[in-house]
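Quick look at data-v4.cif (mmCIF, C-alpha atoms and all ligand atoms):
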```
data_coords
#
loop_
_atom_site.label_atom_id
_atom_site.label_comp_id
_atom_site.auth_asym_id
_atom_site.auth_seq_id
_atom_site.Cartn_x
_atom_site.Cartn_y
_atom_site.Cartn_z
CA MET A 1 -1.32 29.09 -13.66
CA ALA A 2 1.88 28.08 -15.37
CA ARG A 3 5.10 28.67 -13.49
CA LYS A 4 8.80 28.11 -14.05
CA CYS A 5 9.72 24.53 -13.46
CA ARG A 6 13.08 22.99 -14.22
CA ILE A 7 11.99 19.34 -14.01
CA LEU A 8 10.05 19.53 -17.28
CA ALA A 9 11.76 19.85 -20.64
CA SER A 10 9.39 22.73 -21.47
CA GLY A 11 10.57 24.68 -18.41
CA THR A 12 7.03 25.46 -17.24
CA CYS A 13 4.43 23.52 -15.29
CA GLU A 14 1.23 23.85 -13.31
CA ILE A 15 0.61 22.38 -9.89
CA SER A 16 -2.27 19.89 -9.94
CA GLY A 17 -1.79 18.56 -6.43
CA GLY A 18 -0.07 20.39 -3.59
CA TYR A 19 2.09 19.29 -0.68
CA THR A 20 0.18 18.08 2.38
CA LYS A 21 0.96 15.91 5.38
CA SER A 22 -0.42 12.85 3.61
CA HIS A 23 0.82 13.77 0.11
CA GLN A 24 4.44 14.66 0.77
CA ALA A 25 5.11 15.60 -2.82
CA VAL A 26 3.82 17.91 -5.51
CA ASP A 27 1.85 16.77 -8.55
CA ILE A 28 2.53 18.71 -11.70
CA VAL A 29 1.45 18.77 -15.33
CA GLY A 30 2.69 20.87 -18.23
CA ALA A 31 1.29 24.33 -18.97
CA GLY A 32 -2.34 24.04 -20.12
CA TYR A 33 -2.61 20.60 -18.45
CA THR A 34 -0.43 18.93 -21.05
CA LEU A 35 1.84 15.92 -20.66
CA GLN A 36 5.56 16.58 -21.04
CA TRP A 37 9.02 15.05 -20.86
CA GLU A 38 10.50 15.05 -17.36
CA VAL A 39 14.15 15.95 -16.80
CA ALA A 40 16.61 15.70 -13.90
CA HIS A 41 16.35 18.57 -11.43
CA SER A 42 20.13 18.58 -10.80
CA GLU A 43 23.19 16.50 -11.47
CA GLY A 44 23.38 13.23 -9.58
CA THR A 45 23.28 9.44 -9.65
CA VAL A 46 20.19 7.36 -10.34
CA VAL A 47 19.72 5.17 -7.26
CA GLU A 48 16.32 3.58 -7.97
CA VAL A 49 14.39 2.90 -11.16
CA VAL A 50 11.19 1.04 -11.96
CA SER A 51 10.44 0.91 -15.69
CA ASN A 52 8.37 -2.26 -16.16
CA CYS A 53 5.02 -1.13 -14.76
CA ASN A 54 2.32 -1.07 -17.43
CA TYR A 55 -0.74 -0.78 -15.22
CA ASN A 56 -2.67 1.61 -13.03
CA THR A 57 -3.88 0.80 -9.51
CA TYR A 58 -6.01 3.88 -8.81
CA LYS A 59 -9.38 2.61 -10.03
CA GLN A 60 -9.13 -0.54 -7.95
CA GLY A 61 -8.22 1.52 -4.86
CA GLY A 62 -4.58 0.53 -4.52
CA PRO A 63 -1.91 -0.44 -3.80
CA LYS A 64 -0.45 3.06 -3.54
CA ILE A 65 2.58 2.57 -5.74
CA TYR A 66 4.72 4.92 -7.79
CA GLY A 67 4.38 2.89 -10.97
CA ASN A 68 7.41 3.68 -13.09
CA TYR A 69 9.71 6.08 -11.30
CA VAL A 70 13.23 7.42 -11.04
CA LYS A 71 15.00 8.40 -7.83
CA ILE A 72 18.20 10.45 -8.03
CA LYS A 73 20.76 11.07 -5.31
CA HIS A 74 22.31 14.49 -5.77
CA ASP A 75 25.87 15.30 -4.89
CA ASP A 76 25.09 17.16 -1.69
CA GLY A 77 23.04 14.24 -0.37
CA TYR A 78 19.47 15.32 -1.22
CA TYR A 79 17.19 13.14 -3.36
CA THR A 80 14.58 13.85 -6.02
CA LEU A 81 11.96 11.35 -7.18
CA TYR A 82 9.72 11.39 -10.29
CA ALA A 83 6.76 8.98 -10.27
CA HIS A 84 4.01 7.60 -12.55
CA ILE A 85 6.21 7.77 -15.67
CA LYS A 86 4.62 6.41 -18.84
CA TYR A 87 5.43 2.77 -19.60
CA GLY A 88 8.17 2.37 -22.21
CA THR A 89 9.59 5.89 -21.84
CA VAL A 90 12.06 5.60 -18.94
CA LYS A 91 15.45 6.66 -20.33
CA VAL A 92 17.83 6.01 -17.42
CA LYS A 93 19.20 3.03 -15.54
CA LYS A 94 20.17 2.46 -11.92
CA GLY A 95 23.70 3.65 -11.19
CA GLN A 96 23.76 6.05 -14.13
CA ARG A 97 25.09 9.59 -13.71
CA VAL A 98 22.71 12.24 -14.96
CA LYS A 99 23.23 15.92 -15.66
CA LYS A 100 20.81 18.70 -14.78
CA GLY A 101 18.11 18.73 -17.48
CA GLU A 102 18.81 15.20 -18.71
CA THR A 103 15.69 13.39 -19.93
CA LEU A 104 14.27 10.82 -17.50
CA GLY A 105 10.92 9.79 -19.00
CA TYR A 106 7.52 10.98 -20.18
CA MET A 107 4.69 11.89 -17.82
CA GLY A 108 2.23 9.07 -17.39
CA ASN A 109 -0.42 7.42 -15.31
CA THR A 110 1.24 4.25 -14.04
CA GLY A 111 0.78 3.05 -10.47
CA TYR A 112 -1.58 4.80 -8.07
CA SER A 113 -2.35 7.83 -10.23
CA ASP A 114 -5.60 9.55 -11.21
CA GLY A 115 -4.63 10.85 -14.65
CA GLY A 116 -1.32 11.64 -16.32
CA HIS A 117 1.02 13.79 -14.22
CA CYS A 118 4.40 13.85 -12.50
CA HIS A 119 4.52 13.15 -8.78
CA PHE A 120 7.68 14.93 -7.66
CA GLU A 121 9.38 14.47 -4.28
CA VAL A 122 12.39 16.09 -2.64
CA ARG A 123 14.03 14.20 0.22
CA THR A 124 16.74 15.16 2.70
CA PRO A 125 20.00 13.19 3.03
CA ASN A 126 18.13 11.16 5.69
CA ASP A 127 15.42 10.34 3.14
CA VAL A 128 12.81 12.54 4.80
CA LYS A 129 10.30 14.06 2.36
CA ILE A 130 10.13 17.85 2.38
CA ASP A 131 7.94 20.34 0.51
CA PRO A 132 9.30 20.26 -3.07
CA ILE A 133 7.47 23.38 -4.32
CA PRO A 134 10.26 25.83 -3.37
CA TYR A 135 12.64 23.74 -5.49
CA LEU A 136 10.62 23.51 -8.70
CA ASP A 137 12.73 26.36 -10.01
CA ALA A 138 15.60 26.54 -7.52
CA ASP A 139 18.63 24.57 -6.37
CA LEU A 140 18.20 22.01 -3.61
CA PRO A 141 19.07 23.02 -0.03
CA LYS A 142 22.69 22.95 0.93
CA ASN A 143 23.58 20.05 3.14
CA ASP A 144 25.27 21.78 6.05
CA LYS A 145 24.96 19.04 8.64
CA VAL A 146 28.00 18.84 10.89
CA ASN A 147 28.85 15.51 12.48
CA VAL A 148 30.65 15.39 15.80
CA TYR A 149 32.65 12.38 17.00
CA TYR A 150 33.93 11.93 20.52
CA LYS A 151 35.22 9.45 23.03
CA VAL A 152 36.09 9.28 26.70
CA ARG A 153 38.58 7.41 28.83
CA THR A 154 37.78 5.96 32.24
CA LYS A 155 40.19 4.45 34.71
CA GLU A 156 38.39 1.09 34.56
CA ASP A 157 37.86 0.81 30.78
CA GLY A 158 40.58 2.84 29.07
CA TRP A 159 39.34 4.59 25.93
CA LEU A 160 35.74 3.65 25.18
CA PRO A 161 34.40 3.37 21.59
CA GLU A 162 33.89 6.51 19.53
CA VAL A 163 30.37 7.99 19.50
CA LYS A 164 28.83 9.94 16.61
CA ASN A 165 26.35 12.75 17.41
CA LEU A 166 23.61 11.43 19.73
CA GLU A 167 23.57 7.91 18.29
CA ASP A 168 24.92 6.82 21.67
CA TYR A 169 26.63 8.52 24.60
CA ALA A 170 30.25 8.39 25.69
CA GLY A 171 30.79 6.66 29.01
CA TYR A 172 30.20 3.35 30.74
CA GLY A 173 27.92 3.03 33.76
CA LYS A 174 29.08 5.35 36.51
CA HIS A 175 32.75 4.96 35.62
CA THR A 176 34.33 8.38 35.99
CA ILE A 177 35.59 10.10 32.86
CA ILE A 178 39.27 10.96 33.20
CA ASP A 179 39.99 12.21 29.63
CA PHE A 180 37.97 12.94 26.50
CA MET A 181 38.43 14.07 22.93
CA VAL A 182 36.27 15.48 20.16
CA ARG A 183 36.45 16.02 16.39
CA VAL A 184 34.06 17.37 13.75
CA ASP A 185 33.76 16.84 9.99
CA LYS A 186 33.28 20.55 9.20
CA GLY A 187 34.62 23.63 10.92
CA ASN A 188 36.60 23.42 14.15
CA ILE A 189 35.78 22.65 17.72
CA TRP A 190 37.62 23.17 20.96
CA TYR A 191 37.08 21.50 24.26
CA GLN A 192 38.32 21.79 27.77
CA ALA A 193 38.21 19.68 30.92
CA HIS A 194 37.82 20.77 34.52
CA ILE A 195 39.57 18.50 36.99
CA LYS A 196 37.56 17.59 40.07
CA GLY A 197 39.00 19.57 42.94
CA GLY A 198 41.27 21.35 40.49
CA LYS A 199 41.08 23.82 37.65
CA TRP A 200 40.27 24.24 34.00
CA LEU A 201 42.93 22.72 31.79
CA PRO A 202 44.05 24.38 28.53
CA LYS A 203 41.72 24.23 25.51
CA VAL A 204 42.29 21.52 22.93
CA THR A 205 41.32 22.14 19.32
CA GLY A 206 39.67 19.34 17.36
CA TYR A 207 40.17 19.60 13.64
CA ASN A 208 37.94 18.38 10.86
CA GLU A 209 40.16 15.55 9.72
CA LYS A 210 38.71 12.12 9.38
CA ASP A 211 39.68 9.66 12.12
CA PHE A 212 42.10 12.18 13.56
CA TYR A 213 41.93 13.58 17.04
CA ASN A 214 44.27 16.44 17.76
CA GLY A 215 44.67 15.49 21.38
CA TYR A 216 42.67 14.85 24.48
CA ALA A 217 41.46 17.08 27.27
CA GLY A 218 42.31 15.81 30.73
CA GLU A 219 45.17 14.71 32.96
CA SER A 220 43.92 11.16 33.52
CA LYS A 221 42.27 12.36 36.75
CA PRO A 222 38.53 12.54 37.48
CA ILE A 223 36.77 15.24 35.43
CA ASP A 224 33.69 17.00 36.79
CA CYS A 225 32.93 19.59 34.07
CA VAL A 226 33.58 20.18 30.38
CA ARG A 227 33.33 23.18 28.11
CA ILE A 228 32.91 22.81 24.36
CA CYS A 229 32.78 25.44 21.64
CA TYR A 230 32.02 24.86 17.96
CA ASP A 231 33.55 27.46 15.70
CA GLY A 232 31.25 27.75 12.70
CA ASN A 233 27.73 28.79 11.77
CA LYS A 234 26.17 26.29 14.17
CA ASN A 235 26.38 25.63 17.88
CA ALA A 236 27.55 22.80 20.06
CA LYS A 237 24.92 21.44 22.41
CA TYR A 238 26.28 19.15 25.11
CA ARG A 239 25.63 17.77 28.55
CA ILE A 240 27.14 15.72 31.34
CA ASN A 241 25.32 13.05 33.39
CA ASN A 242 21.84 13.92 31.98
CA LEU A 243 22.05 17.42 33.48
CA PRO A 244 20.40 20.20 31.42
CA TRP A 245 21.81 20.72 27.93
CA VAL A 246 24.35 23.51 27.52
CA TYR A 247 24.59 25.47 24.25
CA ASN A 248 27.72 27.21 23.23
CA THR A 249 26.69 30.84 22.98
CA LYS A 250 28.12 34.17 21.91
CA LYS A 251 30.14 34.06 25.13
CA CYS A 252 32.01 31.12 23.72
CA PRO A 253 35.01 30.91 23.47
CA ASN A 254 35.61 33.09 26.54
CA GLY A 255 32.36 32.70 28.45
CA ASP A 256 31.56 30.78 31.54
CA ASP A 257 29.13 28.22 30.09
CA PHE A 258 30.01 24.64 30.87
CA ALA A 259 28.36 21.30 31.51
CA GLY A 260 28.61 19.35 34.75
CA ASN A 261 28.53 20.12 38.44
CA ILE A 262 31.74 21.18 40.16
CA GLY A 263 32.79 18.42 42.56
CA GLU A 264 30.64 15.65 40.96
CA ASN A 265 32.30 13.02 38.83
CA ALA A 266 31.36 13.15 35.15
CA TYR A 267 30.47 9.69 33.80
CA LYS A 268 28.36 10.41 30.71
CA LEU A 269 29.04 12.85 27.85
CA GLU A 270 26.75 13.72 24.93
CA ILE A 271 27.40 16.24 22.13
CA ILE A 272 25.53 17.37 19.02
CA ILE A 273 26.20 20.24 16.59
CA GLU A 274 23.02 21.99 15.46
ZN ZN A 301 1.40 12.77 -6.07
#
```

Using the file provided, produce a representation of the structure as structure tokens.
Ligand SMILES: [Zn+2]
Amino acid sequence: MARKCRILASGTCEISGGYTKSHQAVDIVGAGYTLQWEVAHSEGTVVEVVSNCNYNTYKQGGPKIYGNYVKIKHDDGYYTLYAHIKYGTVKVKKGQRVKKGETLGYMGNTGYSDGGHCHFEVRTPNDVKIDPIPYLDADLPKNDKVNVYYKVRTKEDGWLPEVKNLEDYAGYGKHTIIDFMVRVDKGNIWYQAHIKGGKWLPKVTGYNEKDFYNGYAGESKPIDCVRICYDGNKNAKYRINNLPWVYNTKKCPNGDDFAGNIGENAYKLEIIIE
């Protein structure tokens, strides 16, 4: 049955192949199983193009290639990809800006394709393929990922390198953390250190400015516990020394959640916003 579909010039399409674990895309044709012009789902930049494929690999059993295709990076980081375009009809070049609805090429049967159609993919900013069917007639998901950056100081090492998300952890061996600082690229975050054998120090707010830390938490004395609160529509998840993860909760910013064990030196800090 024909449905609304903004990636065809006609505005309607039918699904000829659905999204599955092995086929992480949707195959579409025009209403009444017709071939149609394909257009850009949304504004963006063309990041990949193949336009010189004039053959089909399906009958010989492979290779499983897209044939002629266009991949667009949209401004919020998501990608769309249109495959098996007819030879000689690709209208765009790599690096070109395209508007929503701009013509890309005509449906075809190039590459690993069993009959003329458009193989359409939607990918996240990390290039992971997701079910494209919800987006045939709707805007792409909003990219609301929040990155957190942080670093710690130890007596032995001084300030250690900055860590992003869980790509690494902050710390070095069992060297005791004596100060730390945190920043985010969206929203705000605050953080607080507990001095071993002492008390909680005042909260420090980390702003969302690039490469800018508002200040550090600590008094250059051994820290045993930390408390972190992300102020936004997500939560901070953090831990000390591989102890169980702590989530900032509704009790944050005035609750009693914290990571670490009172009286035990903190030597490893990990934070993610999710
Ligand atoms: Zn397909």

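When only C-alpha atoms are used to measure the gap to Gly88 of chain A, the shortest distance among A:Ile189, A:Leu104, A:Cys5, A:Met181 belongs to A:Leu104.
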
Residue neighbourhood Lys59 of chain A, 12 Å, all atoms listed in the file, exclusion window fewer than 6 positions, as a VMD selection string: chain A and resid 109 to 115

Radius query 10 Å about (20.7, 7.9, -18.8), atoms used: only C-alpha atoms, as an NGL selection string: :A and (45-46 or 90-99 or 102-105)

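Atom CA of Ser22 of chain A is positioned 26.0 Å from atom CA of Tyr87 of chain A.
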
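Considering only C-alpha atoms and all ligand atoms, the residues that reside within 7 Å of ligand ZN 301 (chain A) can be listed as Gly17, His23, Ala25, Val26, Asp27, His119 and Phe120 of chain A.
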
Pull C-alpha atoms from the residues just selected and write them as a short mmCIF file (atom, residue, chain, number, x, y, z; two decimals), keeping the file's coordinate frame.
```cif
data_model
loop_
_atom_site.label_atom_id
_atom_site.label_comp_id
_atom_site.auth_asym_id
_atom_site.auth_seq_id
_atom_site.Cartn_x
_atom_site.Cartn_y
_atom_site.Cartn_z
CA GLY A 17 -1.79 18.56 -6.43
CA HIS A 23 0.82 13.77 0.11
CA ALA A 25 5.11 15.60 -2.82
CA VAL A 26 3.82 17.91 -5.51
CA ASP A 27 1.85 16.77 -8.55
CA HIS A 119 4.52 13.15 -8.78
CA PHE A 120 7.68 14.93 -7.66
#
```
